[in-house]
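Below: one structure, written as structure tokens.
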Protein chains: 2
Amino acid sequence: MTTAAAIAGRAPERAPRRISVLGATGSIGRNTLDLIGRAPEEYQVVALTANTDARGLAELALRHKAELAVVADPDAYDELKTCLSGTSVETASGPEALVEAAGRPAEWTMASIMGAAGLRPTFAAVRQGACIALANKECLVTAGQVFIDAVTQSGATLLPVDSEHSAAFQAIDQPACDAVERITLTASGGPFRTWSVEQMAAARPEDALKHPNWSMGQKLTVDSATLMNKGLELIEAFHLFPVEAGQLDVVVHPQSIIHCLVEYSDGSVLAQMSMPDMRTPIAYSLAYPDRMWAPTERINLADLKELTFEPPDEKRFPALRIAREALDAGARATVVLNAANEIAVRSFLQGKIGFLSISELVEATLERDAGHEQGDPHNLDEILVLDKIGRELAGALLPRFILK
Amino acid sequence: MTTAAAIAGRAPERAPRRISVLGATGSIGRNTLDLIGRAPEEYQVVALTANTDARGLAELALRHKAELAVVADPDAYDELKTCLSGTSVETASGPEALVEAAGRPAEWTMASIMGAAGLRPTFAAVRQGACIALANKECLVTAGQVFIDAVTQSGATLLPVDSEHSAAFQAIDQPACDAVERITLTASGGPFRTWSVEQMAAARPEDALKHPNWSMGQKLTVDSATLMNKGLELIEAFHLFPVEAGQLDVVVHPQSIIHCLVEYSDGSVLAQMSMPDMRTPIAYSLAYPDRMWAPTERINLADLKELTFEPPDEKRFPALRIAREALDAGARATVVLNAANEIAVRSFLQGKIGFLSISELVEATLERDAGHEQGDPHNLDEILVLDKIGRELAGALLPRFILK
């Protein structure tokens with residue numbers, strides 16, 4: 001084949017793939033770079049970013065020969081510069097530099113900046129039209145349709161990395177996706193699955209942080225304990241897949257082996273399973289539409305002996321109902337839900353409110369906002385304004401729930 | 001759109017689909033016609049065939065307005081003619097008429113004639129190059145590569161209907177099918193899953209016919225009790241899917257909800273589940289690559305509560321090992337395995353031999369045949385000769401195992 005690449009002496013289709021990792025020092029970022037580091041000749045790392053961990057970022061940038069390293073926190077910039085002085089790695093700092101890094105052309109971008117801070121960089125990555133592996137929940141929970149529209153406009157390929165949504169993506173039979181009757185996300189049930197309401201009322205942060213199966217950040221682990229995590233995932237699934245809210249379901253599956261089940265009109269259910277190791281969904285997104293080898297433990301059902309299932313108890317775990325109601329209420333409500341939940345979880349982790357008050361504060365914030373005349377947000381700026389309103393509302397309601 | 005069909009006044013792409021059902025009066029055939037009968041305007045039934053049940057065949061041919069009804073047994077022909085006299089349904093009888101019916105052009109053929117009798121008609125259906133829904137095991141177990149070659153040559157689309165193989169077919173991620181590491185078929189374990197060898201030695205036909213989950217013919221039910229059914233399915237899977245024999249596995253799953261699991265190099269497992277109702281895999285084959293609605297019970301995992309798994313016990317159920325050894329030995333051995341098993345199961349059902357002797361007779365037949373200098377069969381005639389040799393060998397060895 002005579003192509004420019006062949007004439008220039010490069011093997012066609014074998015040029016290293018240009019990839020960026022936004023949120024490189026977090027768990028998803030490190031797992032992504034673990035996979036990439038196993039075949040370094042196949043990748044050219046463009047940009048790596050971190051929030052505050054300049055030393056960790058510098059180390060990853062050197063190891064993976066990144067072109068650019070950006071730390072969001074300006075206070076961490078001096079350390080980053082020092083660590084990378086005398087190397088060929090460019091450095092930058094601050095939110096605008098983060099957006100610039102995300103917009104630098106790459107064929108594949110892992111968008112794993114946690115929280116609302118991930119919105120602008122992920123939108124920037126989408127706008128350059130590449131393949132986006134999405135591990136940031138807020139892009140779908142708060143930006144929802146606005147985000148999906150941006151993906152459609154840019155022609156980017158969106159690959160969910162959350163284990164449940166990666167599972168649904170894998171289990172959707174593309175030629176027959178209009179025959180999907182139901183998508184069921186599984187929930188481990190969290191550390192309080194078998195606790196009574198009275199026990200949960202007295203739960204301390206250290207109780208909530210004992211997740212049975214996954215090792216995650218503190219916010220996510222508390223969200224798993226309230227089941228708000230699953231509520232947010234329902235909202236994400238609504239935006240990702242061709243189903244109505246009423247076609248989304250949750251089942252508690254304490255072993256966390258099956259991640260999602262997709263049911264079809266002919267009675268078939270396709271399910272994706274894997275051991276709880278994020279390298280499986282990351283590898284899926286990295287190799288899509290092919291698959292690559294990943295160094296993960298394989299499932300042995302005879303060793304596991306049983307997989308169990310139970311309905312979620314929305315009395316003890318109201319977050320699931322609250323999230324569904326927000327989804328039904330519309331885009332404004334889901335932004336406020338997410339903002340209030342961040343305030344509530346932080347207050348719980350600071351010992352200011354009790355565990356049950358997390359959901360109570362979120363619900364009170366949504367109720368207070370419900371009468372607002374301003375409707376659903378139409379763009380990222382409106383979403384960020386609403387996010388701020390939600391945080392302020394939750395903050396104003398917080399004193400009601402403060403522990404005596 | 002201006003097409004010949006549009007000019008002629010027909011809606012394009014809405015002409016009824018021409019379908020045939022070989023083995024119409026059996027359980028698979030009746031379930032297929034149940035689905036077709038729910039949307040009769042979408043189908044034109046070409047040929048229906050049966051072995052001996054002329055009355056049942058005639059009734060189905062009238063209800064579904066078939067063009068042709070063929071009964072294999074010449075002794076049943078008079079009854080078929082009488083039942084269909086004065087109607088527009090053509091009738092015929094005998095093995096050659098069966099082959100002719102199967103070769104009549106149809107866009108989709110259900111090949112559900114059981115046993116070696118299904119070989120010639122199914123090959124005829126394949127030769128006319130249509131979509132073949134395959135429910136006959138012998139085409140793959142005995143004809144194997146010869147059958148796959150015939151499918152490839154004719155350009156037919158082969159869709160397995162066995163619940164396990166339909167499940168594997170659904171769970172294979174086409175763009176990444178070279179990344180399949182393992183295919184695991186599930187086995188219910190049959191009625192003797194928890195029986196001791198001593199108990200099984202005394203098992204009577206009526207014990208073996210109590211299948212816990214599926215309602216099937218007697219032969220298949222006994223094969224489920226010995227696990228030979230699963231051994232034959234391993235051989236089928238070997239021919240259907242891009243894996244080596246060593247990548248095929250069996251796990252006992254008493255609830256029969258998950259039918260097959262396909263494991264990939266990234267640690268993902270895709271599994272297909274459905275309630276035990278053959279209308280699900282039949283509907284899948286009928287609508288492929290789309291999906292159609294089927295009137296089957298939906299899975300509710302919270303109601304099912306648990307799915308359990310255990311390794312197959314090849315000490316108590318040697319048929320699985322015997323089938324694997326035949327697969328490793330080659331095509332000749334799998335023909336002899338199947339033939340000997342038919343003789344053994346029939347002898348057990350007639351009360352001539354004990355339950356454990358089914359596998360013993362099959363293994364003895366394979367051992368007796370192993371030294372034979374004639375190699376693997378190359379065409380259907382050679383396969384049918386070998387099938388006869390296998391039956392004769394098993395018959396000659398049978399007296400050793402006769403119950404006192």
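Identifiers in this document derive from the order of the structure tokens: chains are assigned A, B, ..., residues are numbered from 1 separately in each chain, and ligands are numbered from 1 in order of occurrence.
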task: Tell me which protein, DNA and RNA residues are within 9 Å of range 317-327 of chain B, counting only C-alpha atoms, leaving out same-chain ones fewer than 2 positions away, and put them as an MDAnalysis selection string.
output: chainID B and resid 225:232 234:235 238 245 250 312:315 329:337 356 358:360 362:363 366
task: Give me, as a PyMOL selection string, the contact residues of chain A against chain B at a cut-off of 7 Å, counting only C-alpha atoms.
output: chain A and resi 175-176+179+251+265-274+280+283-284+289-294+296-298+301-302+305-311
Please produce an output containing C-alpha atoms for each residue in the selection, written as a compact mmCIF listing (two decimals), in the first residue's frame.
# COMPACT_ATOMS: atom_id res chain seq x y z
CA PRO A 175 -28.05 -4.79 15.66
CA ALA A 176 -30.95 -5.32 18.07
CA ALA A 179 -35.23 -4.66 21.33
CA VAL A 251 -30.70 -5.44 41.87
CA SER A 265 -37.81 -8.69 23.95
CA ASP A 266 -37.17 -12.38 23.17
CA GLY A 267 -36.55 -13.17 26.86
CA SER A 268 -32.75 -13.26 26.52
CA VAL A 269 -30.61 -11.49 29.06
CA LEU A 270 -27.01 -10.67 28.20
CA ALA A 271 -24.85 -9.98 31.23
CA GLN A 272 -21.27 -8.90 31.66
CA MET A 273 -19.23 -10.25 34.56
CA SER A 274 -15.68 -9.75 35.76
CA THR A 280 -11.10 -4.86 32.81
CA ALA A 283 -8.87 -2.34 28.89
CA TYR A 284 -12.20 -2.70 27.10
CA PRO A 289 -13.81 -2.41 19.27
CA ASP A 290 -11.15 -5.12 19.69
CA ARG A 291 -10.14 -6.49 23.05
CA MET A 292 -6.71 -6.60 24.64
CA TRP A 293 -5.18 -8.86 27.23
CA ALA A 294 -5.50 -7.56 30.79
CA THR A 296 -6.73 -9.48 35.88
CA GLU A 297 -7.93 -12.48 37.84
CA ARG A 298 -10.32 -14.65 35.80
CA LEU A 301 -17.78 -19.86 38.94
CA ALA A 302 -17.23 -23.28 40.49
CA LYS A 305 -20.06 -21.35 44.22
CA GLU A 306 -22.94 -18.87 44.23
CA LEU A 307 -24.13 -15.52 43.02
CA THR A 308 -26.94 -14.03 45.09
CA PHE A 309 -29.51 -11.35 44.40
CA GLU A 310 -32.01 -9.35 46.43
CA PRO A 311 -34.25 -6.39 45.76
- prompt: So what do you get for CA of Ala106 in chain A versus CA of Val151 in chain A, distance-wise?
  reply: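 These two atoms are separated by 15.3 Å.
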query: What is the distance, in Å and to one decimal place, between CA of Gln199 in chain A and CA of Val222 in chain A?
result: 15.6 Å
task: Might you pull out every residue within 8 Å of Lys352 in chain A, with only C-alpha atoms counted and same-chain residues fewer than 4 positions away left off, and present them as a PyMOL selection string?
output: chain A and resi 347-348+402-403
task: Return as a list in words the full set of residues in range 218-265 of chain B whose backbone-based DSSP assignment is strand (DSSP E).
output: Leu248, Asp249, Val250, Val251, Val252, Ile258, His259, Cys260, Leu261, Val262, Glu263 and Tyr264 of chain B
Keeping only N, CA and C atoms, write the selected residues to a file as a tab-separated table (two decimals), in the first residue's frame.
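Okay, this is what ended up in selection.tsv:
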chain	number	residue	atom	x	y	z
B	248	LEU	N	-12.72	-25.09	25.88
B	248	LEU	CA	-14.13	-25.37	26.17
B	248	LEU	C	-14.26	-25.98	27.55
B	249	ASP	N	-15.24	-25.53	28.28
B	249	ASP	CA	-15.37	-25.94	29.66
B	249	ASP	C	-16.85	-26.18	29.99
B	250	VAL	N	-17.09	-26.89	31.09
B	250	VAL	CA	-18.46	-27.14	31.56
B	250	VAL	C	-18.52	-26.81	33.04
B	251	VAL	N	-19.58	-26.13	33.45
B	251	VAL	CA	-19.81	-25.93	34.88
B	251	VAL	C	-21.25	-26.36	35.17
B	252	VAL	N	-21.44	-27.01	36.30
B	252	VAL	CA	-22.79	-27.45	36.68
B	252	VAL	C	-23.50	-26.26	37.33
B	258	ILE	N	-28.35	-19.36	33.48
B	258	ILE	CA	-27.25	-18.99	32.58
B	258	ILE	C	-27.00	-20.20	31.69
B	259	HIS	N	-26.94	-19.98	30.37
B	259	HIS	CA	-26.78	-21.11	29.46
B	259	HIS	C	-25.35	-21.25	28.95
B	260	CYS	N	-24.65	-20.16	28.87
B	260	CYS	CA	-23.27	-20.23	28.41
B	260	CYS	C	-22.55	-18.95	28.82
B	261	LEU	N	-21.23	-19.06	29.04
B	261	LEU	CA	-20.41	-17.90	29.40
B	261	LEU	C	-19.21	-17.86	28.46
B	262	VAL	N	-18.94	-16.68	27.91
B	262	VAL	CA	-17.81	-16.51	27.00
B	262	VAL	C	-16.82	-15.55	27.67
B	263	GLU	N	-15.61	-16.04	27.87
B	263	GLU	CA	-14.59	-15.24	28.58
B	263	GLU	C	-13.60	-14.66	27.59
B	264	TYR	N	-13.23	-13.40	27.82
B	264	TYR	CA	-12.33	-12.68	26.92
B	264	TYR	C	-10.99	-12.40	27.59
field: In range 255-341 of chain A, DSSP alpha helix (DSSP H) residues written as number ranges by chain
entry: A: 279-287, 301-304, 319-329, 331-341
Mind checking which residues fall within 12 Å of Leu386 in chain A, counting only C-alpha atoms, ignoring those fewer than 6 positions away in the same chain, and posting them as a PDB file with N, CA, C and O atoms, in the first residue's frame?
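Contents of the output file out_14.pdb:
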ATOM      1  N   ALA A 116     -17.316  17.800  39.750  1.00  0.00           N
ATOM      2  CA  ALA A 116     -17.677  18.856  38.800  1.00  0.00           C
ATOM      3  C   ALA A 116     -16.440  19.450  38.139  1.00  0.00           C
ATOM      4  O   ALA A 116     -16.518  19.982  37.026  1.00  0.00           O
ATOM      5  N   THR A 142     -24.887  15.490  35.667  1.00  0.00           N
ATOM      6  CA  THR A 142     -25.302  16.891  35.681  1.00  0.00           C
ATOM      7  C   THR A 142     -25.458  17.461  34.271  1.00  0.00           C
ATOM      8  O   THR A 142     -26.407  18.170  34.009  1.00  0.00           O
ATOM      9  N   ALA A 143     -24.526  17.141  33.366  1.00  0.00           N
ATOM     10  CA  ALA A 143     -24.623  17.738  32.031  1.00  0.00           C
ATOM     11  C   ALA A 143     -25.537  16.926  31.115  1.00  0.00           C
ATOM     12  O   ALA A 143     -26.119  17.469  30.179  1.00  0.00           O
ATOM     13  N   ALA A 331     -33.458  17.765  34.094  1.00  0.00           N
ATOM     14  CA  ALA A 331     -32.019  18.032  34.164  1.00  0.00           C
ATOM     15  C   ALA A 331     -31.648  18.944  35.327  1.00  0.00           C
ATOM     16  O   ALA A 331     -30.607  18.766  35.969  1.00  0.00           O
ATOM     17  N   ARG A 332     -32.497  19.945  35.620  1.00  0.00           N
ATOM     18  CA  ARG A 332     -32.184  20.846  36.739  1.00  0.00           C
ATOM     19  C   ARG A 332     -32.075  20.043  38.038  1.00  0.00           C
ATOM     20  O   ARG A 332     -31.159  20.229  38.825  1.00  0.00           O
ATOM     21  N   ALA A 333     -33.028  19.151  38.245  1.00  0.00           N
ATOM     22  CA  ALA A 333     -33.059  18.378  39.489  1.00  0.00           C
ATOM     23  C   ALA A 333     -31.822  17.479  39.619  1.00  0.00           C
ATOM     24  O   ALA A 333     -31.292  17.310  40.720  1.00  0.00           O
ATOM     25  N   THR A 334     -31.346  16.927  38.519  1.00  0.00           N
ATOM     26  CA  THR A 334     -30.192  16.032  38.649  1.00  0.00           C
ATOM     27  C   THR A 334     -28.917  16.816  38.975  1.00  0.00           C
ATOM     28  O   THR A 334     -28.037  16.318  39.667  1.00  0.00           O
ATOM     29  N   VAL A 335     -28.825  18.064  38.487  1.00  0.00           N
ATOM     30  CA  VAL A 335     -27.668  18.901  38.857  1.00  0.00           C
ATOM     31  C   VAL A 335     -27.725  19.196  40.355  1.00  0.00           C
ATOM     32  O   VAL A 335     -26.714  19.074  41.070  1.00  0.00           O
ATOM     33  N   VAL A 336     -28.909  19.571  40.831  1.00  0.00           N
ATOM     34  CA  VAL A 336     -29.061  19.911  42.250  1.00  0.00           C
ATOM     35  C   VAL A 336     -28.828  18.673  43.114  1.00  0.00           C
ATOM     36  O   VAL A 336     -28.169  18.737  44.161  1.00  0.00           O
ATOM     37  N   LEU A 337     -29.332  17.532  42.675  1.00  0.00           N
ATOM     38  CA  LEU A 337     -29.111  16.267  43.395  1.00  0.00           C
ATOM     39  C   LEU A 337     -27.625  16.023  43.594  1.00  0.00           C
ATOM     40  O   LEU A 337     -27.154  15.740  44.704  1.00  0.00           O
ATOM     41  N   ASN A 338     -26.876  16.135  42.515  1.00  0.00           N
ATOM     42  CA  ASN A 338     -25.451  15.844  42.576  1.00  0.00           C
ATOM     43  C   ASN A 338     -24.712  16.834  43.479  1.00  0.00           C
ATOM     44  O   ASN A 338     -23.871  16.438  44.296  1.00  0.00           O
ATOM     45  N   ALA A 339     -25.069  18.125  43.350  1.00  0.00           N
ATOM     46  CA  ALA A 339     -24.402  19.156  44.155  1.00  0.00           C
ATOM     47  C   ALA A 339     -24.708  18.950  45.635  1.00  0.00           C
ATOM     48  O   ALA A 339     -23.803  18.976  46.484  1.00  0.00           O
ATOM     49  N   ALA A 340     -25.971  18.727  45.950  1.00  0.00           N
ATOM     50  CA  ALA A 340     -26.367  18.547  47.349  1.00  0.00           C
ATOM     51  C   ALA A 340     -25.716  17.299  47.933  1.00  0.00           C
ATOM     52  O   ALA A 340     -25.287  17.287  49.101  1.00  0.00           O
ATOM     53  N   ASP A 369     -35.640  23.365  46.046  1.00  0.00           N
ATOM     54  CA  ASP A 369     -35.396  23.880  44.691  1.00  0.00           C
ATOM     55  C   ASP A 369     -36.575  23.639  43.742  1.00  0.00           C
ATOM     56  O   ASP A 369     -36.687  24.293  42.703  1.00  0.00           O
ATOM     57  N   HIS A 372     -38.635  26.260  41.958  1.00  0.00           N
ATOM     58  CA  HIS A 372     -37.926  27.315  41.217  1.00  0.00           C
ATOM     59  C   HIS A 372     -38.422  27.425  39.790  1.00  0.00           C
ATOM     60  O   HIS A 372     -38.598  26.437  39.100  1.00  0.00           O
ATOM     61  N   GLN A 374     -36.882  28.801  37.214  1.00  0.00           N
ATOM     62  CA  GLN A 374     -35.878  28.606  36.153  1.00  0.00           C
ATOM     63  C   GLN A 374     -35.809  27.121  35.780  1.00  0.00           C
ATOM     64  O   GLN A 374     -35.788  26.246  36.649  1.00  0.00           O
ATOM     65  N   GLY A 375     -35.807  26.856  34.486  1.00  0.00           N
ATOM     66  CA  GLY A 375     -35.937  25.467  34.047  1.00  0.00           C
ATOM     67  C   GLY A 375     -34.611  24.748  33.883  1.00  0.00           C
ATOM     68  O   GLY A 375     -33.632  25.055  34.566  1.00  0.00           O
ATOM     69  N   ASP A 376     -34.602  23.799  32.971  1.00  0.00           N
ATOM     70  CA  ASP A 376     -33.437  22.953  32.761  1.00  0.00           C
ATOM     71  C   ASP A 376     -32.303  23.726  32.088  1.00  0.00           C
ATOM     72  O   ASP A 376     -32.547  24.605  31.260  1.00  0.00           O
ATOM     73  N   PRO A 377     -31.065  23.387  32.414  1.00  0.00           N
ATOM     74  CA  PRO A 377     -29.914  24.076  31.819  1.00  0.00           C
ATOM     75  C   PRO A 377     -29.714  23.664  30.362  1.00  0.00           C
ATOM     76  O   PRO A 377     -30.025  22.538  29.974  1.00  0.00           O
ATOM     77  N   HIS A 378     -29.210  24.623  29.557  1.00  0.00           N
ATOM     78  CA  HIS A 378     -29.030  24.368  28.126  1.00  0.00           C
ATOM     79  C   HIS A 378     -27.583  24.281  27.694  1.00  0.00           C
ATOM     80  O   HIS A 378     -27.303  23.948  26.543  1.00  0.00           O
ATOM     81  N   ASN A 379     -26.688  24.665  28.570  1.00  0.00           N
ATOM     82  CA  ASN A 379     -25.268  24.606  28.196  1.00  0.00           C
ATOM     83  C   ASN A 379     -24.433  24.454  29.456  1.00  0.00           C
ATOM     84  O   ASN A 379     -24.951  24.510  30.578  1.00  0.00           O
ATOM     85  N   LEU A 380     -23.151  24.286  29.239  1.00  0.00           N
ATOM     86  CA  LEU A 380     -22.258  23.992  30.357  1.00  0.00           C
ATOM     87  C   LEU A 380     -22.233  25.128  31.381  1.00  0.00           C
ATOM     88  O   LEU A 380     -22.206  24.887  32.594  1.00  0.00           O
ATOM     89  N   GLU A 392     -25.138  25.890  47.343  1.00  0.00           N
ATOM     90  CA  GLU A 392     -25.530  26.940  48.285  1.00  0.00           C
ATOM     91  C   GLU A 392     -26.809  26.560  49.026  1.00  0.00           C
ATOM     92  O   GLU A 392     -26.917  26.738  50.242  1.00  0.00           O
ATOM     93  N   LEU A 393     -27.757  26.020  48.280  1.00  0.00           N
ATOM     94  CA  LEU A 393     -29.024  25.590  48.902  1.00  0.00           C
ATOM     95  C   LEU A 393     -28.753  24.527  49.965  1.00  0.00           C
ATOM     96  O   LEU A 393     -29.284  24.592  51.080  1.00  0.00           O
TER      97      LEU A 393
END
message: List as a PyMOL selection string the protein and nucleic acid residues near Met114 in chain A, meaning an atom at most 12 Å away when only C-alpha atoms are counted, but skip any in the same chain fewer than 4 places from it.
response: chain A and resi 22-29+49-51+110+118-122+134-139+216-220+342
Preceding selection exported with N, CA, C and O atoms as a compact mmCIF listing (two decimals), in the first residue's frame:
# COMPACT_ATOMS: atom_id res chain seq x y z
N LEU A 22 -6.64 12.31 31.82
CA LEU A 22 -7.04 13.43 32.68
C LEU A 22 -7.41 12.84 34.03
O LEU A 22 -8.36 12.05 34.13
N GLY A 23 -6.66 13.21 35.05
CA GLY A 23 -6.85 12.57 36.36
C GLY A 23 -5.90 11.37 36.46
O GLY A 23 -6.30 10.28 36.84
N ALA A 24 -4.64 11.60 36.11
CA ALA A 24 -3.68 10.48 35.97
C ALA A 24 -3.28 9.86 37.30
O ALA A 24 -2.92 8.68 37.36
N THR A 25 -3.34 10.65 38.39
CA THR A 25 -2.83 10.13 39.66
C THR A 25 -3.90 9.43 40.49
O THR A 25 -3.60 8.86 41.54
N GLY A 26 -5.15 9.46 40.03
CA GLY A 26 -6.21 8.74 40.73
C GLY A 26 -6.17 7.26 40.39
O GLY A 26 -5.33 6.79 39.62
N SER A 27 -7.10 6.53 40.98
CA SER A 27 -7.11 5.08 40.81
C SER A 27 -7.34 4.67 39.35
O SER A 27 -6.65 3.80 38.82
N ILE A 28 -8.31 5.32 38.68
CA ILE A 28 -8.57 4.99 37.27
C ILE A 28 -7.38 5.38 36.40
O ILE A 28 -6.94 4.62 35.53
N GLY A 29 -6.83 6.56 36.67
CA GLY A 29 -5.69 7.02 35.89
C GLY A 29 -4.50 6.09 36.02
O GLY A 29 -3.87 5.71 35.03
N THR A 49 -2.77 14.77 33.58
CA THR A 49 -3.13 15.84 34.51
C THR A 49 -3.43 15.26 35.88
O THR A 49 -3.74 14.07 36.02
N ALA A 50 -3.29 16.13 36.90
CA ALA A 50 -3.63 15.74 38.27
C ALA A 50 -4.26 16.94 38.97
O ALA A 50 -4.16 18.07 38.46
N ASN A 51 -4.86 16.71 40.10
CA ASN A 51 -5.46 17.82 40.85
C ASN A 51 -4.38 18.52 41.68
O ASN A 51 -4.03 19.66 41.40
N MET A 110 -8.60 9.29 28.42
CA MET A 110 -9.28 8.81 29.62
C MET A 110 -9.72 10.04 30.41
O MET A 110 -8.88 10.84 30.85
N GLY A 118 -14.31 17.97 36.64
CA GLY A 118 -14.03 17.25 35.40
C GLY A 118 -14.84 17.74 34.22
O GLY A 118 -14.56 17.37 33.08
N LEU A 119 -15.84 18.59 34.47
CA LEU A 119 -16.76 18.96 33.39
C LEU A 119 -16.05 19.68 32.23
O LEU A 119 -16.10 19.21 31.09
N ARG A 120 -15.40 20.82 32.53
CA ARG A 120 -14.80 21.60 31.43
C ARG A 120 -13.72 20.82 30.68
O ARG A 120 -13.74 20.78 29.45
N PRO A 121 -12.78 20.16 31.40
CA PRO A 121 -11.77 19.39 30.65
C PRO A 121 -12.39 18.28 29.80
O PRO A 121 -11.96 18.06 28.66
N THR A 122 -13.41 17.59 30.31
CA THR A 122 -13.98 16.50 29.53
C THR A 122 -14.71 17.04 28.30
O THR A 122 -14.60 16.47 27.20
N LEU A 134 -14.93 7.45 29.43
CA LEU A 134 -15.53 8.34 30.43
C LEU A 134 -15.63 7.68 31.79
O LEU A 134 -16.38 6.73 31.99
N ALA A 135 -14.84 8.23 32.74
CA ALA A 135 -14.93 7.73 34.12
C ALA A 135 -15.46 8.81 35.05
O ALA A 135 -15.67 8.56 36.22
N ASN A 136 -15.70 10.01 34.51
CA ASN A 136 -16.26 11.10 35.30
C ASN A 136 -17.77 10.97 35.28
O ASN A 136 -18.38 10.92 34.22
N LYS A 137 -18.39 10.88 36.46
CA LYS A 137 -19.84 10.69 36.54
C LYS A 137 -20.60 11.98 36.23
O LYS A 137 -21.70 11.96 35.70
N GLU A 138 -20.00 13.14 36.61
CA GLU A 138 -20.75 14.38 36.57
C GLU A 138 -21.14 14.78 35.15
O GLU A 138 -22.16 15.43 34.93
N CYS A 139 -20.31 14.40 34.16
CA CYS A 139 -20.63 14.76 32.78
C CYS A 139 -22.00 14.23 32.39
O CYS A 139 -22.73 14.88 31.64
N MET A 216 -12.06 2.26 46.39
CA MET A 216 -12.38 3.49 45.66
C MET A 216 -12.06 4.68 46.54
O MET A 216 -11.70 4.55 47.70
N GLY A 217 -12.25 5.88 45.99
CA GLY A 217 -12.10 7.10 46.77
C GLY A 217 -13.18 7.19 47.85
O GLY A 217 -14.18 6.46 47.80
N GLN A 218 -12.97 8.13 48.83
CA GLN A 218 -13.89 8.25 49.96
C GLN A 218 -15.30 8.63 49.52
O GLN A 218 -16.28 8.06 49.99
N LYS A 219 -15.41 9.63 48.63
CA LYS A 219 -16.74 10.09 48.20
C LYS A 219 -17.54 8.93 47.61
O LYS A 219 -18.69 8.68 47.96
N LEU A 220 -16.89 8.20 46.69
CA LEU A 220 -17.56 7.10 46.00
C LEU A 220 -17.93 5.99 46.97
O LEU A 220 -18.98 5.35 46.84
N GLU A 342 -22.83 16.04 47.11
CA GLU A 342 -21.41 16.31 47.41
C GLU A 342 -21.27 17.03 48.74
O GLU A 342 -20.40 16.68 49.56
field: A:Leu384, A:Ile172, A:Leu84, A:Ile19 ranked by distance to Arg55 in chain A, top pick (using only C-alpha atoms)
entry: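 Going through A:Leu384, A:Ile172, A:Leu84, A:Ile19 one by one, the smallest distance to Arg55 in chain A is for A:Leu84.
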query: Counting only C-alpha atoms, what is within 12 Å of Leu349 in chain B, bar same-chain residues fewer than 4 positions away, as a PyMOL selection string?
result: chain B and resi 203-209+218-223+342-345+353-355+357-358
